[in-house]
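Shown here: my_file_30.cif, mmCIF, C-alpha atoms.
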data_entry
#
loop_
_atom_site.label_atom_id
_atom_site.label_comp_id
_atom_site.auth_asym_id
_atom_site.auth_seq_id
_atom_site.Cartn_x
_atom_site.Cartn_y
_atom_site.Cartn_z
CA MET R 1 33.85 -48.35 -11.95
CA GLU R 2 33.24 -48.64 -8.22
CA VAL R 3 30.48 -46.89 -6.32
CA GLN R 4 31.87 -43.46 -5.42
CA SER R 5 29.47 -42.47 -2.64
CA GLU R 6 26.56 -43.89 -0.68
CA PHE R 7 24.25 -40.93 -1.34
CA THR R 8 24.40 -38.40 -4.14
CA ILE R 9 22.35 -35.21 -4.04
CA ILE R 10 21.67 -33.35 -7.27
CA GLY R 11 20.89 -29.68 -6.65
CA GLY R 12 22.27 -27.11 -4.21
CA GLY R 13 19.08 -25.26 -3.39
CA VAL R 14 17.31 -25.24 -0.03
CA ALA R 15 16.26 -28.90 -0.32
CA GLY R 16 19.66 -30.18 -1.45
CA LEU R 17 21.73 -28.23 1.06
CA THR R 18 19.45 -29.11 3.96
CA ALA R 19 19.52 -32.77 2.95
CA ALA R 20 23.32 -32.64 2.85
CA ILE R 21 23.43 -31.27 6.40
CA ALA R 22 21.03 -33.99 7.56
CA LEU R 23 23.12 -36.77 5.99
CA LYS R 24 26.26 -35.31 7.54
CA ASN R 25 24.61 -35.30 10.97
CA LEU R 26 23.55 -38.93 10.43
CA ASN R 27 27.17 -39.82 9.57
CA ARG R 28 26.13 -40.98 6.10
CA GLU R 29 28.51 -40.68 3.15
CA PHE R 30 27.30 -38.23 0.48
CA HIS R 31 28.30 -35.91 -2.32
CA LEU R 32 26.32 -32.94 -3.65
CA PHE R 33 26.46 -31.71 -7.25
CA GLU R 34 25.24 -28.24 -8.25
CA GLN R 35 25.06 -26.90 -11.80
CA SER R 36 25.86 -23.26 -10.88
CA LYS R 37 29.44 -22.04 -10.60
CA GLU R 38 28.60 -20.31 -7.33
CA LEU R 39 26.03 -20.99 -4.61
CA LYS R 40 24.61 -17.65 -3.57
CA GLY R 41 20.83 -17.99 -3.50
CA ILE R 42 19.42 -16.09 -6.45
CA GLY R 43 16.23 -14.24 -5.63
CA ALA R 44 14.89 -12.02 -2.89
CA GLY R 45 13.22 -13.00 0.35
CA PHE R 46 10.73 -15.64 1.38
CA GLY R 47 8.92 -16.83 4.46
CA LEU R 48 9.88 -19.55 6.89
CA ALA R 49 6.53 -20.29 8.50
CA ALA R 50 6.10 -22.05 11.84
CA ASN R 51 5.95 -25.47 10.17
CA ALA R 52 9.37 -24.88 8.58
CA MET R 53 10.74 -23.74 11.94
CA GLN R 54 9.44 -26.99 13.47
CA ALA R 55 11.36 -28.93 10.82
CA LEU R 56 14.49 -26.86 11.44
CA ASP R 57 14.12 -27.45 15.17
CA TYR R 58 14.01 -31.20 14.55
CA LEU R 59 17.13 -30.88 12.37
CA GLY R 60 18.97 -28.83 15.01
CA LEU R 61 19.15 -25.66 12.88
CA ARG R 62 16.37 -23.48 14.28
CA ASN R 63 18.28 -21.29 16.74
CA GLU R 64 20.94 -20.20 14.27
CA ILE R 65 18.44 -19.52 11.49
CA GLU R 66 16.30 -17.44 13.84
CA ASN R 67 19.32 -15.14 14.18
CA ILE R 68 19.34 -14.37 10.45
CA GLY R 69 15.54 -14.17 10.05
CA TYR R 70 13.07 -11.35 10.68
CA TYR R 71 10.30 -12.29 13.10
CA LEU R 72 6.83 -11.72 11.61
CA ASP R 73 4.01 -11.59 14.17
CA SER R 74 1.39 -10.89 11.47
CA PHE R 75 0.89 -10.88 7.72
CA ALA R 76 -2.21 -9.02 6.51
CA ILE R 77 -3.93 -9.17 3.12
CA LEU R 78 -5.12 -5.73 2.01
CA ASP R 79 -7.24 -4.31 -0.79
CA LYS R 80 -5.78 -1.73 -3.18
CA ASN R 81 -6.86 1.09 -0.84
CA GLY R 82 -4.98 -0.44 2.09
CA GLU R 83 -8.04 -1.74 3.93
CA ILE R 84 -7.53 -5.05 5.74
CA LEU R 85 -9.25 -8.06 4.15
CA VAL R 86 -7.68 -10.77 6.31
CA ASN R 87 -5.27 -10.50 9.23
CA PRO R 88 -4.92 -13.96 10.81
CA ASN R 89 -3.51 -14.16 14.32
CA THR R 90 -0.28 -15.97 13.45
CA LYS R 91 1.27 -14.86 16.74
CA LYS R 92 -1.32 -16.79 18.76
CA LEU R 93 -0.78 -19.97 16.79
CA SER R 94 2.99 -19.56 16.87
CA GLU R 95 2.85 -19.42 20.65
CA LYS R 96 0.60 -22.50 20.73
CA TYR R 97 3.07 -24.55 18.67
CA ASP R 98 6.13 -22.91 20.23
CA GLN R 99 7.40 -21.75 16.85
CA LYS R 100 7.49 -18.36 15.19
CA ASN R 101 7.16 -17.16 11.60
CA PHE R 102 10.19 -15.56 9.99
CA ALA R 103 11.17 -13.87 6.75
CA ILE R 104 14.67 -14.44 5.43
CA HIS R 105 16.72 -13.44 2.42
CA ARG R 106 17.52 -16.37 0.15
CA SER R 107 21.22 -15.54 -0.04
CA ASP R 108 21.47 -15.32 3.78
CA LEU R 109 19.91 -18.76 4.12
CA HIS R 110 22.08 -20.28 1.40
CA LEU R 111 25.29 -18.95 2.94
CA PHE R 112 24.25 -20.34 6.31
CA LEU R 113 23.39 -23.79 4.95
CA LEU R 114 26.55 -23.85 2.87
CA SER R 115 28.65 -23.09 5.96
CA LYS R 116 27.45 -26.37 7.49
CA ILE R 117 28.81 -28.54 4.67
CA ASP R 118 32.41 -29.60 4.14
CA GLN R 119 33.58 -28.35 0.74
CA ILE R 120 35.05 -31.75 -0.04
CA ASN R 121 31.47 -33.04 -0.31
CA LEU R 122 30.42 -30.38 -2.82
CA SER R 123 31.05 -30.02 -6.57
CA LEU R 124 29.94 -26.89 -8.44
CA ALA R 125 29.44 -26.31 -12.18
CA LYS R 126 28.28 -29.91 -12.58
CA ARG R 127 24.94 -30.28 -14.37
CA ALA R 128 23.43 -33.76 -14.24
CA ILE R 129 21.50 -34.47 -17.42
CA ASN R 130 20.79 -38.20 -17.34
CA PHE R 131 21.11 -41.40 -15.33
CA LYS R 132 20.93 -45.17 -15.60
CA GLN R 133 19.31 -47.02 -12.74
CA HIS R 134 20.65 -50.44 -11.76
CA THR R 135 19.67 -52.80 -8.94
CA ASP R 136 22.48 -51.81 -6.59
CA PHE R 137 23.72 -48.48 -7.99
CA ILE R 138 22.97 -45.55 -10.28
CA GLU R 139 25.19 -44.05 -12.96
CA LEU R 140 24.90 -40.30 -13.33
CA TYR R 141 25.85 -38.54 -16.55
CA PHE R 142 26.90 -34.90 -16.52
CA GLU R 143 26.89 -32.22 -19.18
CA ASP R 144 30.71 -32.11 -19.16
CA GLY R 145 30.87 -35.77 -20.15
CA SER R 146 31.80 -37.14 -16.73
CA ILE R 147 30.12 -40.13 -15.07
CA TYR R 148 29.55 -40.73 -11.35
CA ARG R 149 28.33 -43.90 -9.65
CA THR R 150 26.29 -43.86 -6.42
CA LYS R 151 24.19 -46.27 -4.33
CA TYR R 152 21.31 -43.85 -3.69
CA LEU R 153 20.23 -40.75 -5.55
CA ILE R 154 18.36 -37.77 -4.09
CA ILE R 155 17.01 -35.51 -6.84
CA ALA R 156 16.68 -31.93 -5.59
CA ASP R 157 17.42 -29.87 -8.70
CA GLY R 158 14.25 -27.79 -8.78
CA VAL R 159 11.04 -27.38 -10.71
CA LYS R 160 12.74 -27.81 -14.11
CA SER R 161 14.57 -31.00 -13.07
CA PRO R 162 15.64 -33.02 -16.13
CA LEU R 163 16.14 -36.09 -13.93
CA ARG R 164 12.55 -35.95 -12.67
CA GLN R 165 11.32 -35.62 -16.22
CA GLN R 166 13.35 -38.69 -17.17
CA LEU R 167 11.52 -40.62 -14.44
CA ILE R 168 8.13 -38.97 -15.12
CA PRO R 169 8.05 -37.60 -18.70
CA ASP R 170 4.74 -35.71 -18.27
CA SER R 171 5.92 -33.76 -15.22
CA LYS R 172 6.91 -30.62 -17.10
CA PRO R 173 6.41 -27.26 -15.33
CA ARG R 174 3.04 -25.57 -15.82
CA TYR R 175 2.53 -21.82 -16.06
CA ALA R 176 0.32 -20.21 -13.40
CA GLY R 177 -0.85 -17.35 -15.64
CA TYR R 178 1.12 -14.49 -14.07
CA SER R 179 4.63 -13.12 -13.85
CA CYS R 180 6.48 -11.83 -10.80
CA TRP R 181 8.99 -9.05 -10.18
CA ARG R 182 11.07 -9.03 -6.99
CA ALA R 183 13.68 -6.83 -5.36
CA THR R 184 15.40 -6.27 -2.03
CA ILE R 185 15.94 -2.64 -1.03
CA ASP R 186 17.01 -0.50 1.91
CA ASN R 187 14.42 0.06 4.63
CA SER R 188 16.17 2.76 6.68
CA SER R 189 13.92 5.56 5.42
CA LEU R 190 10.71 3.60 4.78
CA LYS R 191 10.89 1.86 8.20
CA LEU R 192 8.32 -0.81 7.34
CA GLN R 193 7.79 -3.31 10.15
CA LYS R 194 4.84 -5.45 9.03
CA GLY R 195 4.41 -7.93 6.22
CA THR R 196 1.48 -7.29 3.86
CA GLU R 197 0.12 -8.42 0.51
CA THR R 198 -2.23 -6.21 -1.50
CA TRP R 199 -4.84 -7.66 -3.87
CA GLY R 200 -6.29 -5.50 -6.62
CA ASP R 201 -7.44 -5.48 -10.24
CA LYS R 202 -3.95 -4.59 -11.52
CA GLY R 203 -2.20 -7.42 -9.70
CA ARG R 204 -0.71 -8.17 -6.30
CA PHE R 205 1.99 -6.36 -4.39
CA GLY R 206 3.74 -7.83 -1.34
CA LEU R 207 6.04 -6.21 1.23
CA THR R 208 8.08 -8.00 3.89
CA PRO R 209 10.81 -6.64 6.21
CA LEU R 210 14.16 -8.40 6.56
CA ILE R 211 16.99 -8.06 9.05
CA ASN R 212 19.75 -5.48 8.52
CA ASP R 213 17.26 -2.75 7.63
CA ARG R 214 16.08 -4.28 4.37
CA ILE R 215 12.72 -5.11 2.83
CA TYR R 216 11.85 -7.33 -0.07
CA TRP R 217 8.89 -6.70 -2.29
CA TYR R 218 7.21 -8.62 -5.08
CA ALA R 219 4.61 -7.79 -7.71
CA CYS R 220 2.48 -10.31 -9.65
CA ILE R 221 0.73 -9.36 -12.91
CA ASN R 222 -1.36 -11.53 -15.25
CA GLY R 223 -0.10 -12.11 -18.78
CA PRO R 224 1.03 -14.69 -21.33
CA ARG R 225 4.02 -16.92 -20.63
CA GLN R 226 7.41 -15.36 -21.48
CA ASN R 227 5.66 -12.11 -22.32
CA PRO R 228 8.15 -9.94 -24.30
CA THR R 229 6.56 -6.81 -22.81
CA PHE R 230 7.12 -8.06 -19.27
CA LYS R 231 10.72 -8.98 -20.09
CA ASN R 232 11.41 -5.31 -20.72
CA PHE R 233 9.42 -3.92 -17.78
CA ALA R 234 11.23 -1.24 -15.78
CA ILE R 235 10.43 0.47 -12.49
CA GLU R 236 8.44 3.18 -14.26
CA ASP R 237 6.22 0.53 -15.84
CA LEU R 238 5.54 -1.01 -12.43
CA LYS R 239 4.83 2.41 -10.92
CA LYS R 240 2.26 3.02 -13.65
CA GLN R 241 0.75 -0.46 -13.19
CA PHE R 242 0.24 0.09 -9.45
CA SER R 243 -0.39 3.86 -9.52
CA SER R 244 -3.85 3.48 -7.89
CA TYR R 245 -2.55 1.33 -5.00
CA HIS R 246 -2.12 2.53 -1.44
CA HIS R 247 0.91 4.00 0.33
CA PRO R 248 3.82 3.08 0.47
CA ILE R 249 3.86 1.07 -2.79
CA GLN R 250 4.86 4.01 -4.97
CA GLU R 251 7.54 5.01 -2.46
CA VAL R 252 8.91 1.45 -2.43
CA LEU R 253 9.10 1.38 -6.21
CA SER R 254 10.71 4.83 -6.33
CA GLN R 255 13.51 3.58 -4.11
CA THR R 256 14.16 0.53 -6.32
CA LYS R 257 16.67 0.64 -9.17
CA ASN R 258 16.05 -1.16 -12.45
CA GLU R 259 19.18 -3.27 -11.96
CA GLN R 260 17.72 -4.61 -8.70
CA LEU R 261 14.71 -6.14 -10.44
CA ILE R 262 14.40 -9.92 -10.76
CA TRP R 263 11.67 -11.11 -13.14
CA SER R 264 10.27 -14.58 -13.76
CA ASP R 265 7.10 -16.37 -14.74
CA ILE R 266 5.40 -18.24 -11.90
CA ILE R 267 5.36 -22.00 -12.47
CA ASP R 268 4.68 -25.19 -10.53
CA ILE R 269 4.21 -28.87 -11.37
CA LYS R 270 1.05 -30.94 -11.24
CA PRO R 271 1.11 -33.05 -8.03
CA LEU R 272 2.95 -36.31 -8.58
CA ASN R 273 1.78 -39.77 -7.51
CA GLN R 274 5.26 -41.02 -6.70
CA PHE R 275 8.44 -39.64 -5.10
CA ALA R 276 10.37 -42.89 -4.44
CA PHE R 277 11.74 -45.01 -7.28
CA ASP R 278 13.58 -47.87 -5.57
CA ASN R 279 17.03 -46.34 -4.87
CA ILE R 280 16.03 -42.87 -6.10
CA LEU R 281 14.08 -40.19 -4.19
CA ILE R 282 12.77 -36.82 -5.42
CA ILE R 283 12.48 -33.97 -2.88
CA GLY R 284 11.88 -30.22 -2.74
CA ASP R 285 10.70 -28.30 -5.81
CA ALA R 286 11.77 -31.20 -8.02
CA ALA R 287 9.07 -33.27 -6.30
CA HIS R 288 6.33 -30.77 -5.49
CA ALA R 289 7.04 -27.27 -6.76
CA CYS R 290 4.18 -24.97 -5.79
CA THR R 291 3.30 -21.38 -6.55
CA PRO R 292 4.47 -18.91 -3.87
CA ASN R 293 0.98 -17.96 -2.71
CA MET R 294 1.24 -19.76 0.63
CA GLY R 295 4.93 -19.04 1.12
CA GLN R 296 5.56 -22.79 1.39
CA GLY R 297 8.17 -23.67 -1.24
CA ALA R 298 11.23 -23.65 1.03
CA CYS R 299 9.10 -24.71 4.00
CA GLN R 300 8.03 -27.92 2.30
CA ALA R 301 11.63 -28.66 1.30
CA MET R 302 12.60 -28.46 4.97
CA GLU R 303 9.68 -30.67 5.97
CA ASP R 304 10.93 -33.17 3.38
CA VAL R 305 14.34 -33.34 4.98
CA ALA R 306 12.92 -33.67 8.49
CA VAL R 307 10.74 -36.60 7.42
CA LEU R 308 13.57 -38.20 5.44
CA THR R 309 15.87 -37.92 8.46
CA ASP R 310 13.25 -39.58 10.64
CA GLU R 311 12.76 -42.43 8.16
CA LEU R 312 16.49 -43.03 7.69
CA GLN R 313 16.85 -43.38 11.45
CA LYS R 314 13.93 -45.82 11.71
CA ASN R 315 14.66 -48.02 8.69
CA LYS R 316 17.69 -50.24 8.13
CA SER R 317 16.92 -50.24 4.41
CA VAL R 318 17.33 -46.92 2.58
CA LYS R 319 14.85 -48.08 -0.04
CA ASP R 320 12.28 -48.67 2.69
CA ALA R 321 13.02 -45.22 4.12
CA PHE R 322 12.43 -43.67 0.69
CA LYS R 323 9.12 -45.52 0.33
CA SER R 324 7.94 -44.52 3.82
CA PHE R 325 8.92 -40.92 3.06
CA GLU R 326 6.72 -41.06 -0.01
CA SER R 327 3.70 -42.35 1.90
CA ARG R 328 4.03 -39.55 4.46
CA ARG R 329 4.60 -36.70 2.01
CA LEU R 330 2.31 -37.25 -0.99
CA LYS R 331 -0.96 -36.09 0.59
CA ARG R 332 0.59 -33.15 2.47
CA THR R 333 2.44 -31.72 -0.55
CA LYS R 334 -0.55 -32.23 -2.86
CA TYR R 335 -2.68 -30.17 -0.45
CA ILE R 336 -0.09 -27.38 -0.42
CA THR R 337 0.31 -27.34 -4.22
CA ASP R 338 -3.43 -27.42 -4.96
CA THR R 339 -4.34 -24.85 -2.29
CA SER R 340 -1.55 -22.49 -3.33
CA LYS R 341 -2.64 -22.72 -6.97
CA PHE R 342 -6.25 -21.93 -6.01
CA ILE R 343 -5.27 -18.96 -3.83
CA GLY R 344 -3.20 -17.53 -6.68
CA GLU R 345 -6.06 -17.84 -9.14
CA VAL R 346 -8.48 -16.02 -6.81
CA ALA R 347 -5.92 -13.39 -5.81
CA GLN R 348 -5.18 -12.57 -9.46
CA TRP R 349 -8.78 -11.83 -10.44
CA GLU R 350 -9.15 -8.69 -12.56
CA ASN R 351 -12.94 -8.45 -12.80
CA LYS R 352 -13.97 -5.64 -10.44
CA PHE R 353 -17.38 -7.14 -9.69
CA LEU R 354 -15.87 -10.49 -8.70
CA ILE R 355 -13.17 -8.70 -6.72
CA SER R 356 -15.84 -6.82 -4.77
CA ILE R 357 -17.62 -10.07 -3.87
CA ARG R 358 -14.33 -11.74 -2.95
CA ASN R 359 -13.20 -8.87 -0.75
CA ASN R 360 -16.52 -8.66 1.09
CA MET R 361 -16.48 -12.39 1.76
CA MET R 362 -12.91 -12.21 3.08
CA LYS R 363 -13.85 -9.39 5.46
CA ILE R 364 -16.74 -11.31 7.01
CA MET R 365 -14.97 -14.67 7.18
CA PRO R 366 -15.02 -15.94 10.79
CA GLU R 367 -11.66 -15.84 12.55
CA ARG R 368 -11.93 -19.54 13.41
CA MET R 369 -11.89 -20.44 9.69
CA ASN R 370 -8.61 -18.59 9.21
CA GLN R 371 -7.22 -20.23 12.32
CA GLN R 372 -8.25 -23.72 11.17
CA ALA R 373 -6.46 -23.21 7.85
CA LEU R 374 -3.31 -22.12 9.65
CA ILE R 375 -3.51 -25.03 12.10
CA LYS R 376 -3.58 -27.44 9.17
CA LEU R 377 -0.50 -25.70 7.81
CA PHE R 378 1.45 -25.45 11.08
CA LYS R 379 0.64 -28.75 12.76
CA GLN R 380 3.25 -31.32 11.72
CA ASP R 381 4.86 -34.23 13.52
CA PHE R 382 8.32 -35.15 12.30
CA MET R 383 8.77 -38.09 14.63
CA LYS R 384 5.89 -40.38 13.70
#

For the structure just supplied, provide its representation as structure tokens.
Amino acid sequence: MEVQSEFTIIGGGVAGLTAAIALKNLNREFHLFEQSKELKGIGAGFGLAANAMQALDYLGLRNEIENIGYYLDSFAILDKNGEILVNPNTKKLSEKYDQKNFAIHRSDLHLFLLSKIDQINLSLAKRAINFKQHTDFIELYFEDGSIYRTKYLIIADGVKSPLRQQLIPDSKPRYAGYSCWRATIDNSSLKLQKGTETWGDKGRFGLTPLINDRIYWYACINGPRQNPTFKNFAIEDLKKQFSSYHHPIQEVLSQTKNEQLIWSDIIDIKPLNQFAFDNILIIGDAAHACTPNMGQGACQAMEDVAVLTDELQKNKSVKDAFKSFESRRLKRTKYITDTSKFIGEVAQWENKFLISIRNNMMKIMPERMNQQALIKLFKQDFMK
């Protein structure tokens, strides 16, 4: 069997689709395999912070994505009574780095990314389950019994990636200790314009506007993994859970239908020590899945592709490009994963005494400390 493509991407999420666009723009031969029968972006909304917009700018995608995103000039953390705990000046930093923060619906982003790829380079309903690595090629084995041979493999099939676990057997997903409900609803009567996240003893509740008069919301509650009670939670259960929380949380829940709810446990993976394995590279959530507490999952996937693009342009050897990518991304993604995990643990506290101390400390935290944290997040150079 001859080699069938130079690059093969496994996974049609944000990382895989963005990588496909980058390879197309570099005039590199590739094929992308996705296990789903349809690429539509399951989920609700998420943030594209200024660092992601920098990456998209480098990849030539920023302007078009700005048109389908909702510009967020602030994102405040509130207590259960609606009092501000932290309200960092993201607008000031966005202006400094000439990039803005946006919120976008996952399906809108997926449709956009998909529109940039020729369908001849895409195969759906193809789940890769195994591979054999050789010196000059890789054989991929699919659930349907088919085999595909490629020179270079980019693994981008998410946090539960079976291919990553073949390379690194102890890299199984770890449970964060809380579950999350999400939904996207109409905003024409609520007219919310600001993004917020509320921290309280019953859990967290986030609200973010989207374009086309929509908002997405999410709620995080502590509990055991795959909790059978949570599996059967309905809107009325969530209204009861957050009954003591400020306006407009009850109104948001009242306007959500049970069939709009998406529920999942929150998981990540322990930071890896290696992303490059000779002619194989792991990117996106497959490489560094993090909890959503910093809104950096998709952002880090886009940073990955920007760095990979830079390295492929600088290195004649793809294997060298993969290795250089690894050296540039390990420290950055470990910081994001560890910090996001820590924020989630503190945000999910239920002890009222500890919550009181936490909230008071957040209120008196100097503005420069918040700014420094954001600078570390925003400041990235994709052309080292």

* Enumerate, as a ChimeraX atom specification, the residues matched when the PyMOL selection byres ((chain R and resi 22) around 12) is run on the file above. => /R:7,9,15-21,23-30,55-56,58-61,113,116-117,302-313

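Of the residues under consideration (R:Ala183, R:Ala76, R:Ile154, R:Leu39), R:Leu39 shows the shortest atom-to-atom contact distance to R:Gln119 when counting all atoms listed in the file.
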
* Within 12 Å of R:Pro173, counting all atoms listed in the file, which residues show up once you throw out same-chain ones fewer than 6 positions away? Write them as a PyMOL selection string, please. => chain R and resi 158-162+164-165+225+265-272+285-291

Restricting to only C-alpha atoms, whichever of R:Gln274, R:Tyr335, R:Tyr218, R:Leu354 is closest to R:Phe322 is R:Gln274

Which residues fall under the PyMOL selection byres ((chain R and resi 233) around 12) in this file, as a JSON list (two decimals) with C-alpha atoms, keeping the file's coordinate frame?
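selection-v6.json was written with the following content:
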[["chain", "number", "residue", "atom", "x", "y", "z"],
["R", 179, "SER", "CA", 4.63, -13.12, -13.85],
["R", 180, "CYS", "CA", 6.48, -11.83, -10.80],
["R", 181, "TRP", "CA", 8.99, -9.05, -10.18],
["R", 219, "ALA", "CA", 4.61, -7.79, -7.71],
["R", 221, "ILE", "CA", 0.73, -9.36, -12.91],
["R", 227, "ASN", "CA", 5.66, -12.11, -22.32],
["R", 228, "PRO", "CA", 8.15, -9.94, -24.30],
["R", 229, "THR", "CA", 6.56, -6.81, -22.81],
["R", 230, "PHE", "CA", 7.12, -8.06, -19.27],
["R", 231, "LYS", "CA", 10.72, -8.98, -20.09],
["R", 232, "ASN", "CA", 11.41, -5.31, -20.72],
["R", 234, "ALA", "CA", 11.23, -1.24, -15.78],
["R", 235, "ILE", "CA", 10.43, 0.47, -12.49],
["R", 236, "GLU", "CA", 8.44, 3.18, -14.26],
["R", 237, "ASP", "CA", 6.22, 0.53, -15.84],
["R", 238, "LEU", "CA", 5.54, -1.01, -12.43],
["R", 239, "LYS", "CA", 4.83, 2.41, -10.92],
["R", 240, "LYS", "CA", 2.26, 3.02, -13.65],
["R", 241, "GLN", "CA", 0.75, -0.46, -13.19],
["R", 258, "ASN", "CA", 16.05, -1.16, -12.45],
["R", 259, "GLU", "CA", 19.18, -3.27, -11.96],
["R", 261, "LEU", "CA", 14.71, -6.14, -10.44],
["R", 262, "ILE", "CA", 14.40, -9.92, -10.76],
["R", 263, "TRP", "CA", 11.67, -11.11, -13.14],
["R", 264, "SER", "CA", 10.27, -14.58, -13.76]]

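Nearest-residue note for R:Val86: choosing from R:Glu197, R:Phe275, R:His31, R:Phe353, the minimum distance belongs to R:Glu197, counting only C-alpha atoms.
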
Expressed in Å, the length from atom CA of R:Leu114 to atom CA of R:Ala321 is 25.3 Å

note - atom CA of R:Gly12 and atom CA of R:Ser36 are separated by 8.5 Å

- Task: Run through the PyMOL selection byres ((chain R and resi 348-351) around 9) on the given coordinates and return the selected residues as an MDAnalysis selection string.
- Result: chainID R and resid 177:178 199:204 220:222 343:347 352:356

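Pairwise distance (atom CA of R:Ala156, atom CA of R:Gly284) equals 5.8 Å.
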
Near R:Ile138, counting all atoms listed in the file, which residues have an atom at most 12 Å away, once you skip same-chain residues fewer than 2 positions from it, shown as JSON, numbers by chain?
{"R": [1, 2, 3, 4, 5, 6, 7, 8, 130, 131, 132, 133, 134, 135, 136, 140, 141, 147, 148, 149, 150, 151, 152, 153, 154, 277, 278, 279, 280]}

Quiz item: What's the 9 Å shell around stretch 106-109 of chain R, counting all atoms listed in the file, without same-chain residues fewer than 3 positions away, as a list in words?
Solution: Val14, Leu39, Lys40, Gly41, Ile42, Gly43, Ala44, Gly45, Phe46, Ile65, Ile68, Gly69, Phe112, Leu113 and Leu114 of chain R

- Query: Got a sec: who's within 12 Å of R:Lys191, counting all atoms listed in the file, leaving out chain neighbours fewer than 5 positions off, as a count of residues only?
  - Reply: 14

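Comparing R:Lys194, R:Lys80, R:Lys363, R:Lys334 by their smallest distance to R:Asn273, the closest is R:Lys334 (using all atoms listed in the file).
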
Margin query: Please list as number ranges by chain every residue within 6 Å of R:Asp79, counting only C-alpha atoms and excluding residues in the same chain fewer than 2 positions away.
Written below: R: 81-83, 198-199

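Proximity ranking of R:Thr339, R:Asn67, R:Ser317, R:Ser243 relative to R:Ala103 places R:Asn67 first, based on only C-alpha atoms.
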
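Of the residues under consideration (R:Arg182, R:Lys172, R:Ile283, R:Leu190), R:Leu190 shows the shortest atom-to-atom contact distance to R:Gln250 when counting only C-alpha atoms.
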
Quick one: axis-aligned box around all listed atoms of stretch 209-219 of chain R, 8 Å on every side, centre and edge lengths in Å to one decimal, written as lines of an AutoDock Vina configuration file.
center_x = 12.2
center_y = -5.7
center_z = 0.7
size_x = 31.1
size_y = 21.9
size_z = 32.8
